[in-house]
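Raw contents of structure18.pdb, PDB, C-alpha atoms and all ligand atoms:
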ATOM      1  CA  MET P   1    -107.046  31.257  31.387
ATOM      2  CA  SER P   2    -109.720  33.403  29.763
ATOM      3  CA  ASP P   3    -112.692  31.370  28.570
ATOM      4  CA  LEU P   4    -113.019  33.162  25.237
ATOM      5  CA  ILE P   5    -111.232  31.677  22.218
ATOM      6  CA  LEU P   6    -111.782  33.513  18.941
ATOM      7  CA  HIS P   7    -111.037  31.692  15.666
ATOM      8  CA  HIS P   8    -110.408  34.345  13.006
ATOM      9  CA  TYR P   9    -107.888  35.981  10.675
ATOM     10  CA  PRO P  10    -106.693  39.595  10.711
ATOM     11  CA  GLN P  11    -108.233  40.675   7.382
ATOM     12  CA  SER P  12    -111.786  39.515   8.229
ATOM     13  CA  PRO P  13    -114.152  42.479   8.639
ATOM     14  CA  VAL P  14    -116.780  40.489  10.547
ATOM     15  CA  ALA P  15    -114.040  39.304  12.892
ATOM     16  CA  GLN P  16    -113.019  42.961  13.257
ATOM     17  CA  LYS P  17    -116.569  43.745  14.393
ATOM     18  CA  ILE P  18    -116.078  41.173  17.159
ATOM     19  CA  ARG P  19    -112.551  42.417  17.923
ATOM     20  CA  PHE P  20    -113.949  45.955  18.292
ATOM     21  CA  ALA P  21    -116.584  44.516  20.635
ATOM     22  CA  LEU P  22    -113.893  42.745  22.683
ATOM     23  CA  GLY P  23    -112.176  46.143  22.879
ATOM     24  CA  ILE P  24    -115.389  47.813  24.057
ATOM     25  CA  ALA P  25    -115.695  45.082  26.701
ATOM     26  CA  LEU P  26    -111.959  45.329  27.590
ATOM     27  CA  ALA P  27    -112.106  41.529  27.521
ATOM     28  CA  ASP P  28    -109.297  38.979  27.860
ATOM     29  CA  TRP P  29    -109.369  36.470  25.010
ATOM     30  CA  HIS P  30    -107.372  33.858  23.134
ATOM     31  CA  SER P  31    -106.698  34.319  19.447
ATOM     32  CA  VAL P  32    -106.522  31.367  17.044
ATOM     33  CA  GLU P  33    -105.588  32.348  13.501
ATOM     34  CA  ILE P  34    -107.134  30.219  10.784
ATOM     35  CA  PRO P  35    -106.746  30.233   6.969
ATOM     36  CA  ARG P  36    -108.644  32.705   4.762
ATOM     37  CA  LEU P  37    -109.564  30.008   2.253
ATOM     38  CA  PRO P  38    -110.701  26.387   2.715
ATOM     39  CA  PRO P  39    -109.582  23.798   3.574
ATOM     40  CA  LYS P  40    -109.871  24.666   7.271
ATOM     41  CA  PRO P  41    -109.118  21.275   8.840
ATOM     42  CA  LEU P  42    -108.425  22.703  12.285
ATOM     43  CA  LEU P  43    -111.669  24.724  12.406
ATOM     44  CA  MET P  44    -114.384  22.654  10.785
ATOM     45  CA  PRO P  45    -114.249  19.683  13.221
ATOM     46  CA  LEU P  46    -115.381  22.211  15.834
ATOM     47  CA  THR P  47    -118.156  23.760  13.761
ATOM     48  CA  ALA P  48    -119.912  20.770  12.159
ATOM     49  CA  ASN P  49    -118.710  22.091   8.770
ATOM     50  CA  TYR P  50    -119.574  25.800   9.150
ATOM     51  CA  ARG P  51    -116.699  27.490   7.307
ATOM     52  CA  ARG P  52    -117.129  31.172   7.990
ATOM     53  CA  VAL P  53    -115.235  33.442  10.320
ATOM     54  CA  PRO P  54    -115.394  34.455  13.152
ATOM     55  CA  VAL P  55    -116.146  31.517  15.458
ATOM     56  CA  LEU P  56    -116.070  31.765  19.257
ATOM     57  CA  GLN P  57    -115.162  28.766  21.383
ATOM     58  CA  ILE P  58    -115.895  28.558  25.097
ATOM     59  CA  GLY P  59    -114.718  25.113  26.236
ATOM     60  CA  ALA P  60    -116.756  22.649  24.140
ATOM     61  CA  ASP P  61    -119.394  25.249  23.198
ATOM     62  CA  ILE P  62    -118.845  26.655  19.726
ATOM     63  CA  HIS P  63    -120.653  29.848  18.757
ATOM     64  CA  CYS P  64    -120.991  30.506  15.030
ATOM     65  CA  ASP P  65    -121.897  33.840  13.403
ATOM     66  CA  SER P  66    -121.227  37.254  14.938
ATOM     67  CA  GLN P  67    -124.903  37.565  15.920
ATOM     68  CA  ASN P  68    -124.520  34.598  18.219
ATOM     69  CA  ILE P  69    -120.932  35.264  19.231
ATOM     70  CA  ILE P  70    -121.714  38.673  20.654
ATOM     71  CA  ARG P  71    -124.454  37.293  22.870
ATOM     72  CA  ALA P  72    -122.093  34.589  24.129
ATOM     73  CA  ILE P  73    -119.461  37.221  24.973
ATOM     74  CA  ALA P  74    -122.117  39.301  26.743
ATOM     75  CA  SER P  75    -123.228  36.247  28.737
ATOM     76  CA  ALA P  76    -119.611  35.618  29.728
ATOM     77  CA  GLY P  77    -119.704  38.733  31.949
ATOM     78  CA  HIS P  78    -119.656  41.589  29.431
ATOM     79  CA  ALA P  79    -123.348  42.494  29.079
ATOM     80  CA  ASN P  80    -122.987  45.863  30.811
ATOM     81  CA  THR P  81    -120.289  47.144  28.474
ATOM     82  CA  LEU P  82    -121.692  45.693  25.241
ATOM     83  CA  PHE P  83    -125.335  46.424  25.966
ATOM     84  CA  PRO P  84    -125.383  49.319  28.478
ATOM     85  CA  ASP P  85    -128.777  50.139  30.003
ATOM     86  CA  GLY P  86    -130.136  46.869  28.615
ATOM     87  CA  CYS P  87    -129.966  48.016  24.975
ATOM     88  CA  VAL P  88    -129.562  44.470  23.619
ATOM     89  CA  GLY P  89    -132.644  44.531  21.372
ATOM     90  CA  GLN P  90    -131.806  47.919  19.900
ATOM     91  CA  ALA P  91    -128.157  46.975  19.368
ATOM     92  CA  MET P  92    -128.940  43.609  17.769
ATOM     93  CA  ALA P  93    -131.555  45.167  15.477
ATOM     94  CA  LEU P  94    -129.109  47.866  14.396
ATOM     95  CA  ALA P  95    -126.330  45.332  13.874
ATOM     96  CA  GLY P  96    -128.629  43.147  11.770
ATOM     97  CA  TRP P  97    -129.604  46.142   9.665
ATOM     98  CA  ALA P  98    -125.980  47.220   9.235
ATOM     99  CA  GLU P  99    -125.000  43.723   8.047
ATOM    100  CA  THR P 100    -127.770  43.327   5.483
ATOM    101  CA  ALA P 101    -128.023  46.948   4.335
ATOM    102  CA  MET P 102    -124.381  48.027   4.416
ATOM    103  CA  PHE P 103    -121.956  45.126   4.800
ATOM    104  CA  ASP P 104    -123.392  43.241   1.815
ATOM    105  CA  LEU P 105    -122.841  46.317  -0.379
ATOM    106  CA  ALA P 106    -119.369  46.922   1.060
ATOM    107  CA  VAL P 107    -118.384  43.322   0.248
ATOM    108  CA  ARG P 108    -119.536  43.786  -3.344
ATOM    109  CA  ILE P 109    -117.468  46.947  -3.671
ATOM    110  CA  VAL P 110    -114.319  45.472  -2.113
ATOM    111  CA  ILE P 111    -114.416  42.182  -4.020
ATOM    112  CA  THR P 112    -115.372  43.742  -7.361
ATOM    113  CA  SER P 113    -112.566  46.270  -6.999
ATOM    114  CA  ALA P 114    -110.104  43.478  -6.219
ATOM    115  CA  ILE P 115    -110.818  41.667  -9.510
ATOM    116  CA  GLY P 116    -107.555  41.601 -11.438
ATOM    117  CA  THR P 117    -105.335  42.146  -8.379
ATOM    118  CA  ALA P 118    -106.452  39.568  -5.773
ATOM    119  CA  PRO P 119    -105.705  35.898  -6.519
ATOM    120  CA  PRO P 120    -108.398  34.514  -8.882
ATOM    121  CA  GLU P 121    -109.147  31.646  -6.480
ATOM    122  CA  PHE P 122    -109.955  34.194  -3.737
ATOM    123  CA  ILE P 123    -112.349  36.112  -6.026
ATOM    124  CA  ALA P 124    -114.006  32.856  -7.140
ATOM    125  CA  ASP P 125    -114.411  31.656  -3.537
ATOM    126  CA  ARG P 126    -115.874  34.904  -2.220
ATOM    127  CA  GLY P 127    -118.063  35.438  -5.297
ATOM    128  CA  ALA P 128    -119.667  32.046  -4.667
ATOM    129  CA  LEU P 129    -120.382  33.064  -1.060
ATOM    130  CA  TYR P 130    -121.657  36.609  -1.554
ATOM    131  CA  PHE P 131    -122.885  37.129  -5.135
ATOM    132  CA  GLU P 132    -125.760  35.756  -7.196
ATOM    133  CA  PRO P 133    -125.073  32.218  -8.520
ATOM    134  CA  ASP P 134    -124.782  33.475 -12.148
ATOM    135  CA  TRP P 135    -122.462  36.404 -11.334
ATOM    136  CA  THR P 136    -119.735  37.428 -13.783
ATOM    137  CA  GLU P 137    -116.738  39.701 -13.312
ATOM    138  CA  ALA P 138    -117.954  41.976 -16.129
ATOM    139  CA  GLY P 139    -121.462  42.189 -14.639
ATOM    140  CA  MET P 140    -120.106  43.062 -11.197
ATOM    141  CA  LYS P 141    -117.961  45.846 -12.658
ATOM    142  CA  VAL P 142    -120.888  47.362 -14.585
ATOM    143  CA  ALA P 143    -123.022  47.298 -11.419
ATOM    144  CA  LEU P 144    -120.328  48.862  -9.204
ATOM    145  CA  PRO P 145    -121.241  52.589  -9.421
ATOM    146  CA  ALA P 146    -124.865  51.855  -8.500
ATOM    147  CA  VAL P 147    -123.714  49.727  -5.564
ATOM    148  CA  ILE P 148    -121.520  52.584  -4.306
ATOM    149  CA  LEU P 149    -124.467  55.007  -4.593
ATOM    150  CA  GLN P 150    -126.621  52.685  -2.497
ATOM    151  CA  LEU P 151    -123.975  52.335   0.175
ATOM    152  CA  GLN P 152    -123.508  56.113   0.253
ATOM    153  CA  ALA P 153    -127.217  56.510   1.046
ATOM    154  CA  HIS P 154    -126.950  54.140   4.003
ATOM    155  CA  LEU P 155    -123.766  55.826   5.195
ATOM    156  CA  ALA P 156    -125.621  59.166   5.156
ATOM    157  CA  TRP P 157    -128.411  57.783   7.365
ATOM    158  CA  THR P 158    -125.872  56.232   9.691
ATOM    159  CA  ASP P 159    -123.846  59.427   9.979
ATOM    160  CA  ASP P 160    -126.989  61.356  10.821
ATOM    161  CA  MET P 161    -127.879  58.758  13.465
ATOM    162  CA  LEU P 162    -124.463  59.271  15.102
ATOM    163  CA  SER P 163    -124.554  63.075  14.928
ATOM    164  CA  ALA P 164    -126.374  63.752  18.229
ATOM    165  CA  THR P 165    -124.012  62.015  20.660
ATOM    166  CA  GLY P 166    -121.339  60.303  18.558
ATOM    167  CA  PHE P 167    -122.792  56.909  19.538
ATOM    168  CA  ALA P 168    -125.395  54.751  17.829
ATOM    169  CA  ILE P 169    -127.524  54.308  20.961
ATOM    170  CA  GLY P 170    -127.941  57.009  23.599
ATOM    171  CA  SER P 171    -124.771  58.528  24.961
ATOM    172  CA  LYS P 172    -122.783  55.347  25.643
ATOM    173  CA  LEU P 173    -120.525  53.106  23.627
ATOM    174  CA  SER P 174    -122.206  49.776  22.820
ATOM    175  CA  TYR P 175    -121.994  46.829  20.453
ATOM    176  CA  ALA P 176    -124.042  48.851  17.943
ATOM    177  CA  ASP P 177    -121.014  51.112  17.484
ATOM    178  CA  ALA P 178    -118.776  48.132  16.642
ATOM    179  CA  ALA P 179    -121.448  46.998  14.176
ATOM    180  CA  ILE P 180    -121.098  50.304  12.293
ATOM    181  CA  ALA P 181    -117.375  50.991  12.666
ATOM    182  CA  TYR P 182    -116.258  47.696  11.119
ATOM    183  CA  ILE P 183    -117.855  48.647   7.818
ATOM    184  CA  ALA P 184    -115.791  51.841   7.677
ATOM    185  CA  TRP P 185    -112.669  49.880   8.752
ATOM    186  CA  PHE P 186    -113.267  47.409   5.919
ATOM    187  CA  LEU P 187    -113.941  50.016   3.219
ATOM    188  CA  ARG P 188    -110.969  52.163   4.209
ATOM    189  CA  GLY P 189    -108.531  49.275   4.511
ATOM    190  CA  ARG P 190    -109.474  47.218   1.488
ATOM    191  CA  TRP P 191    -110.733  49.580  -1.219
ATOM    192  CA  ASP P 192    -108.747  52.468  -2.671
ATOM    193  CA  GLY P 193    -111.937  54.553  -2.946
ATOM    194  CA  GLY P 194    -112.890  53.903   0.682
ATOM    195  CA  ALA P 195    -111.301  56.939   2.318
ATOM    196  CA  ALA P 196    -112.878  59.350  -0.185
ATOM    197  CA  LEU P 197    -116.348  57.815   0.121
ATOM    198  CA  LEU P 198    -116.174  57.949   3.929
ATOM    199  CA  ALA P 199    -114.618  61.421   4.271
ATOM    200  CA  PRO P 200    -117.890  63.452   4.250
ATOM    201  CA  PHE P 201    -119.313  61.236   7.013
ATOM    202  CA  SER P 202    -117.346  62.710   9.894
ATOM    203  CA  HIS P 203    -119.271  60.991  12.689
ATOM    204  CA  ILE P 204    -118.685  57.552  11.194
ATOM    205  CA  CYS P 205    -114.986  58.359  10.721
ATOM    206  CA  ALA P 206    -114.690  59.602  14.315
ATOM    207  CA  LEU P 207    -116.350  56.450  15.674
ATOM    208  CA  GLU P 208    -114.064  54.211  13.616
ATOM    209  CA  GLU P 209    -111.009  56.144  14.830
ATOM    210  CA  MET P 210    -112.151  55.909  18.443
ATOM    211  CA  LEU P 211    -112.634  52.136  18.279
ATOM    212  CA  VAL P 212    -109.349  51.549  16.457
ATOM    213  CA  GLY P 213    -107.655  53.614  19.181
ATOM    214  CA  ARG P 214    -109.396  51.705  21.942
ATOM    215  CA  GLY P 215    -107.885  48.414  20.751
ATOM    216  CA  ASN P 216    -109.220  44.877  20.863
ATOM    217  CA  GLY P 217    -109.000  43.983  24.539
ATOM    218  CA  ASN P 218    -106.270  41.758  25.900
ATOM    219  CA  THR P 219    -105.185  39.004  23.496
ATOM    220  CA  THR P 220    -103.105  35.852  23.984
ATOM    221  CA  GLU P 221    -102.137  33.733  20.965
ATOM    222  CA  MET P 222    -103.223  30.080  20.918
ATOM    223  CA  THR P 223    -102.626  27.362  18.322
ATOM    224  CA  ALA P 224    -105.537  25.738  16.529
ATOM    225  CA  GLU P 225    -104.315  22.346  17.780
ATOM    226  CA  ALA P 226    -104.458  23.587  21.388
ATOM    227  CA  ALA P 227    -108.000  24.881  20.822
ATOM    228  CA  LEU P 228    -109.123  21.467  19.514
ATOM    229  CA  ALA P 229    -107.502  19.761  22.515
ATOM    230  CA  HIS P 230    -109.230  22.268  24.805
ATOM    231  CA  ALA P 231    -112.611  21.343  23.302
ATOM    232  CA  ASN P 232    -111.773  17.662  23.751
ATOM    233  CA  ALA P 233    -110.973  18.219  27.415
ATOM    234  CA  HIS P 234    -114.373  19.846  28.056
ATOM    235  CA  GLU P 235    -118.054  18.967  27.835
ATOM    236  CA  PRO P 236    -120.668  21.347  26.431
ATOM    237  CA  ALA P 237    -121.895  23.514  29.297
ATOM    238  CA  THR P 238    -124.963  25.121  27.715
ATOM    239  CA  PRO P 239    -128.548  23.977  28.410
ATOM    240  CA  THR P 240    -130.638  21.620  26.296
ATOM    241  CA  GLY P 241    -134.351  21.938  25.531
ATOM    242  CA  ILE P 242    -136.920  23.616  23.311
ATOM    243  CA  VAL P 243    -138.152  26.906  24.712
ATOM    244  CA  ALA P 244    -139.325  28.643  21.535
ATOM    245  CA  GLY P 245    -142.913  29.904  21.238
ATOM    246  CA  PHE P 246    -143.159  28.452  17.716
ATOM    247  CA  ASP P 247    -140.961  25.350  17.366
ATOM    248  CA  ALA P 248    -141.615  24.408  13.707
ATOM    249  CA  GLY P 249    -142.449  20.857  14.884
ATOM    250  CA  LEU P 250    -138.787  20.170  15.683
ATOM    251  CA  GLN P 251    -137.917  17.530  18.311
ATOM    252  CA  LEU P 252    -134.910  17.326  20.585
ATOM    253  CA  GLY P 253    -132.314  14.878  19.256
ATOM    254  CA  GLN P 254    -133.712  15.054  15.731
ATOM    255  CA  GLN P 255    -131.264  15.364  12.821
ATOM    256  CA  ILE P 256    -131.505  18.873  11.357
ATOM    257  CA  MET P 257    -129.836  20.874   8.623
ATOM    258  CA  LEU P 258    -128.823  24.540   8.826
ATOM    259  CA  ARG P 259    -128.179  26.622   5.744
ATOM    260  CA  GLN P 260    -127.318  30.282   5.220
ATOM    261  CA  ARG P 261    -130.263  32.222   3.820
ATOM    262  CA  GLY P 262    -129.953  32.760   0.051
ATOM    263  CA  GLN P 263    -128.009  30.746  -2.492
ATOM    264  CA  THR P 264    -124.435  30.520  -1.326
ATOM    265  CA  ALA P 265    -121.605  28.018  -1.675
ATOM    266  CA  ASP P 266    -121.491  27.499   2.117
ATOM    267  CA  PRO P 267    -121.500  23.817   3.069
ATOM    268  CA  ASP P 268    -124.684  22.717   4.849
ATOM    269  CA  VAL P 269    -124.416  22.001   8.548
ATOM    270  CA  TYR P 270    -125.980  18.857  10.052
ATOM    271  CA  GLY P 271    -126.420  17.802  13.658
ATOM    272  CA  ARG P 272    -128.845  16.607  16.339
ATOM    273  CA  LEU P 273    -131.070  19.319  17.780
ATOM    274  CA  ARG P 274    -129.883  20.192  21.278
ATOM    275  CA  TYR P 275    -131.561  23.525  22.014
ATOM    276  CA  LEU P 276    -133.993  25.966  20.443
ATOM    277  CA  ASP P 277    -135.253  29.317  21.659
ATOM    278  CA  ASP P 278    -136.677  32.258  19.739
ATOM    279  CA  THR P 279    -133.293  33.504  18.558
ATOM    280  CA  ARG P 280    -130.797  30.619  18.878
ATOM    281  CA  ILE P 281    -130.523  27.010  17.704
ATOM    282  CA  SER P 282    -127.887  24.526  18.854
ATOM    283  CA  ILE P 283    -126.802  21.101  17.659
ATOM    284  CA  ASP P 284    -124.799  18.294  19.199
ATOM    285  CA  HIS P 285    -121.799  17.280  17.135
ATOM    286  CA  THR P 286    -118.843  14.945  17.608
ATOM    287  CA  SER P 287    -115.552  14.578  15.803
ATOM    288  CA  PRO P 288    -112.432  12.544  16.595
ATOM    289  CA  GLU P 289    -110.477  15.784  17.139
ATOM    290  CA  THR P 290    -112.944  17.415  19.542
ATOM    291  CA  GLY P 291    -115.140  14.743  21.125
ATOM    292  CA  ALA P 292    -118.643  16.028  21.908
ATOM    293  CA  VAL P 293    -119.261  19.708  21.200
ATOM    294  CA  ALA P 294    -122.384  21.875  21.090
ATOM    295  CA  VAL P 295    -122.503  24.175  18.047
ATOM    296  CA  HIS P 296    -124.688  27.266  18.325
ATOM    297  CA  PHE P 297    -126.201  29.331  15.487
ATOM    298  CA  PRO P 298    -128.550  32.281  15.329
ATOM    299  CA  ILE P 299    -131.990  31.712  13.798
ATOM    300  CA  ALA P 300    -132.178  35.042  11.942
ATOM    301  CA  GLY P 301    -130.347  34.646   8.639
ATOM    302  CA  TYR P 302    -130.463  30.824   8.602
ATOM    303  CA  VAL P 303    -132.886  28.288   7.179
ATOM    304  CA  VAL P 304    -133.519  25.365   9.554
ATOM    305  CA  SER P 305    -135.019  22.117   8.277
ATOM    306  CA  ALA P 306    -135.477  18.518   9.372
ATOM    307  CA  ALA P 307    -132.924  16.230   7.708
ATOM    308  CA  ALA P 308    -132.710  12.468   7.158
ATOM    309  CA  PRO P 309    -130.247  10.843   9.606
ATOM    310  CA  LEU P 310    -126.762  10.732   8.088
TER     311      LEU P 310
HETATM  312  N1  LIG Z 401    -123.229  36.318   9.077
HETATM  313  C1  LIG Z 401    -121.864  35.951   9.360
HETATM  314  C2  LIG Z 401    -120.976  36.404   8.196
HETATM  315  C3  LIG Z 401    -119.537  35.931   8.363
HETATM  316  C4  LIG Z 401    -118.719  36.123   7.105
HETATM  317  O1  LIG Z 401    -119.236  36.264   5.992
HETATM  318  N2  LIG Z 401    -117.405  36.072   7.302
HETATM  319  C5  LIG Z 401    -116.483  36.119   6.191
HETATM  320  C6  LIG Z 401    -115.203  36.785   6.604
HETATM  321  S1  LIG Z 401    -115.446  38.455   7.045
HETATM  322  C7  LIG Z 401    -116.108  34.715   5.769
HETATM  323  O2  LIG Z 401    -116.266  33.806   6.543
HETATM  324  N3  LIG Z 401    -115.615  34.534   4.550
HETATM  325  C8  LIG Z 401    -115.268  33.245   4.088
HETATM  326  C9  LIG Z 401    -114.123  32.612   4.789
HETATM  327  O3  LIG Z 401    -113.399  33.237   5.571
HETATM  328  O4  LIG Z 401    -113.898  31.412   4.547
HETATM  329  C10 LIG Z 401    -121.425  36.555  10.688
HETATM  330  O5  LIG Z 401    -122.019  37.554  11.102
HETATM  331  O6  LIG Z 401    -120.523  36.024  11.354
END
Exercise: express the given structure as structure tokens:
Amino acid sequence: MSDLILHHYPQSPVAQKIRFALGIALADWHSVEIPRLPPKPLLMPLTANYRRVPVLQIGADIHCDSQNIIRAIASAGHANTLFPDGCVGQAMALAGWAETAMFDLAVRIVITSAIGTAPPEFIADRGALYFEPDWTEAGMKVALPAVILQLQAHLAWTDDMLSATGFAIGSKLSYADAAIAYIAWFLRGRWDGGAALLAPFSHICALEEMLVGRGNGNTTEMTAEAALAHANAHEPATPTGIVAGFDAGLQLGQQIMLRQRGQTADPDVYGRLRYLDDTRISIDHTSPETGAVAVHFPIAGYVVSAAAPL
């Protein structure tokens, strides 16, 4: 069987970024569909309490956050298609910029516009993840036109970037293209003003259309129970050690806490430090459902601190 197991749900835009990437890589992968709202009892034993989507499982190695997931997919034999000509640094920098500059604004637009139509518990859950702690529905609505103006500015830069070759980097498809196209996919699919806002940006629209047409690779459905059993039947296969230039005084085996940057309602993640390099941090975690797993996070976008043993 393919080694790649993606935990996700169809509506998730960040998961769509990874699905586009799996399409670019023409990869074989297993699809586990999980709920859009907590509780997520068949996901969180794998992730040491990380609740977001997507999550990539390879045996008993669990990769959280798209930043980390894409590198794991590349390492699983897809580096040449995702990062042609060794463009990993450029692609990751562009993807990071697209997430903070554009995706955050797109989420505000989509969620604010869904107030009154989406279930109130969905709005409350996502507001607590993405908005300021004192956000109000009325305040979000007043701010909406200015948010759309800001996104339009970033879309204009992005469209100009694509205008020379149709691709974000050089003249080849890469992960950077997935990291742009998913924002258009999200705006168009989930906001009734999306198509009109995107229409003047023909290069973005063409890229989105190309990636939608290319598909998501070769998918086989898997149950969440089978994925947990698969983790239980494996041992983590990734290395241990500290190989970061600056290590923040952290020690292998020490209890640490990982938290999303900013004030969000995400549950904190605890575990014993297994691995640290300049861009990735990994913890050891066990649960009755999974046995021993290694859970991997990116460093950029997360606050790492020493924690008292649980
Ligand atoms: N930085 C994360 C962001 C992931 C994210 O915000 N995912 C959304 C779905 S698109 C999410 O998990 N929402 C809450 C949920 O599904 O419970 C990544 O790149 O993977």
task: Please check which protein, DNA or RNA residues sit within 9 Å of ligand LIG 401 (chain Z), counting all atoms listed in the file, and write them as a ChimeraX atom specification.
output: /P:8-9,11-18,34-40,51-55,64-69,96,99,107,125-126,129-130,260,266,301
message: If the PyMOL selection byres (((chain P and resi 288) around 10) and not hetatm) were run on this exact file, what residues would it hold? Put them as a PyMOL selection string.
response: chain P and resi 45+228+232+286-287+289-292
Limited to C-alpha atoms, could you put the picked residues into a file as a short mmCIF file (atom, residue, chain, number, x, y, z; two decimals), in the coordinates of the input?
data_model
loop_
_atom_site.label_atom_id
_atom_site.label_comp_id
_atom_site.auth_asym_id
_atom_site.auth_seq_id
_atom_site.Cartn_x
_atom_site.Cartn_y
_atom_site.Cartn_z
CA PRO P 45 -114.25 19.68 13.22
CA LEU P 228 -109.12 21.47 19.51
CA ASN P 232 -111.77 17.66 23.75
CA THR P 286 -118.84 14.94 17.61
CA SER P 287 -115.55 14.58 15.80
CA GLU P 289 -110.48 15.78 17.14
CA THR P 290 -112.94 17.42 19.54
CA GLY P 291 -115.14 14.74 21.12
CA ALA P 292 -118.64 16.03 21.91
#
Option closest in space to P:Thr100, from P:Met257, P:Ala231, P:Leu273, P:Ile180 [counting only C-alpha atoms]: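 Ranked by minimum distance to P:Thr100, first place goes to P:Ile180.
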task: Apply the PyMOL selection byres (((chain P and resi 241) around 10) and not hetatm) to the file shown and report the selected residues as an MDAnalysis selection string.
output: chainID P and resid 239:240 242:244 251:253 273:277 282
Saved selection, atoms kept: C-alpha atoms, as a tab-separated table (two decimals), in the coordinates of the input:
chain	number	residue	atom	x	y	z
P	239	PRO	CA	-128.55	23.98	28.41
P	240	THR	CA	-130.64	21.62	26.30
P	242	ILE	CA	-136.92	23.62	23.31
P	243	VAL	CA	-138.15	26.91	24.71
P	244	ALA	CA	-139.32	28.64	21.54
P	251	GLN	CA	-137.92	17.53	18.31
P	252	LEU	CA	-134.91	17.33	20.58
P	253	GLY	CA	-132.31	14.88	19.26
P	273	LEU	CA	-131.07	19.32	17.78
P	274	ARG	CA	-129.88	20.19	21.28
P	275	TYR	CA	-131.56	23.52	22.01
P	276	LEU	CA	-133.99	25.97	20.44
P	277	ASP	CA	-135.25	29.32	21.66
P	282	SER	CA	-127.89	24.53	18.85
How big is the axis-aligned box around all listed atoms of stretch 234-242 of chain P once 5 Å goes on each side, and where's its centre, in Å to one decimal, as AutoDock Vina command-line options?
--center_x -125.6 --center_y 22.0 --center_z 26.3 --size_x 32.5 --size_y 16.2 --size_z 16.0
message: Restricting the calculation to only C-alpha atoms: of P:Ala294, P:Leu4, P:Ile24, P:Leu105, which residue gets closest to P:Pro84?
response: P:Ile24
field: For P:Thr279, the nearest of the candidates P:His234, P:Arg71, P:Lys172, P:Arg188, counting only C-alpha atoms
entry: P:Arg71
field: Selection result for the PyMOL selection byres (((chain P and resi 140) around 10) and not hetatm) on this file, as a list of chain:residue names
entry: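 When the PyMOL selection byres (((chain P and resi 140) around 10) and not hetatm) is applied, the selected residues are P:Arg108, P:Ile109, P:Ile111, P:Thr112, P:Ser113, P:Ile115, P:Gly127, P:Phe131, P:Trp135, P:Thr136, P:Glu137, P:Ala138, P:Gly139, P:Lys141, P:Val142, P:Ala143, P:Leu144, P:Pro145, P:Val147.
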query: Please, what distance in Å, to one decimal, runs between atom CA of P:Asp192 and atom CA of P:Gly215?
result: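 The value is 23.8 Å.
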- request: Find the residues near P:His285: any atom within 8 Å, counting only C-alpha atoms, skip ones fewer than 5 places away on the same chain, and give them as JSON, numbers by chain.
  value: {"P": [48, 271, 272, 292, 293, 294, 295]}
- line: Closest of P:Ser174, P:Thr238, P:Thr264, P:Gln152 to P:Leu94, counting only C-alpha atoms, is P:Ser174
field: Atomic distance atom CA of P:Ile70 - atom CA of P:Cys87, expressed in Å with one decimal
entry: 13.2 Å
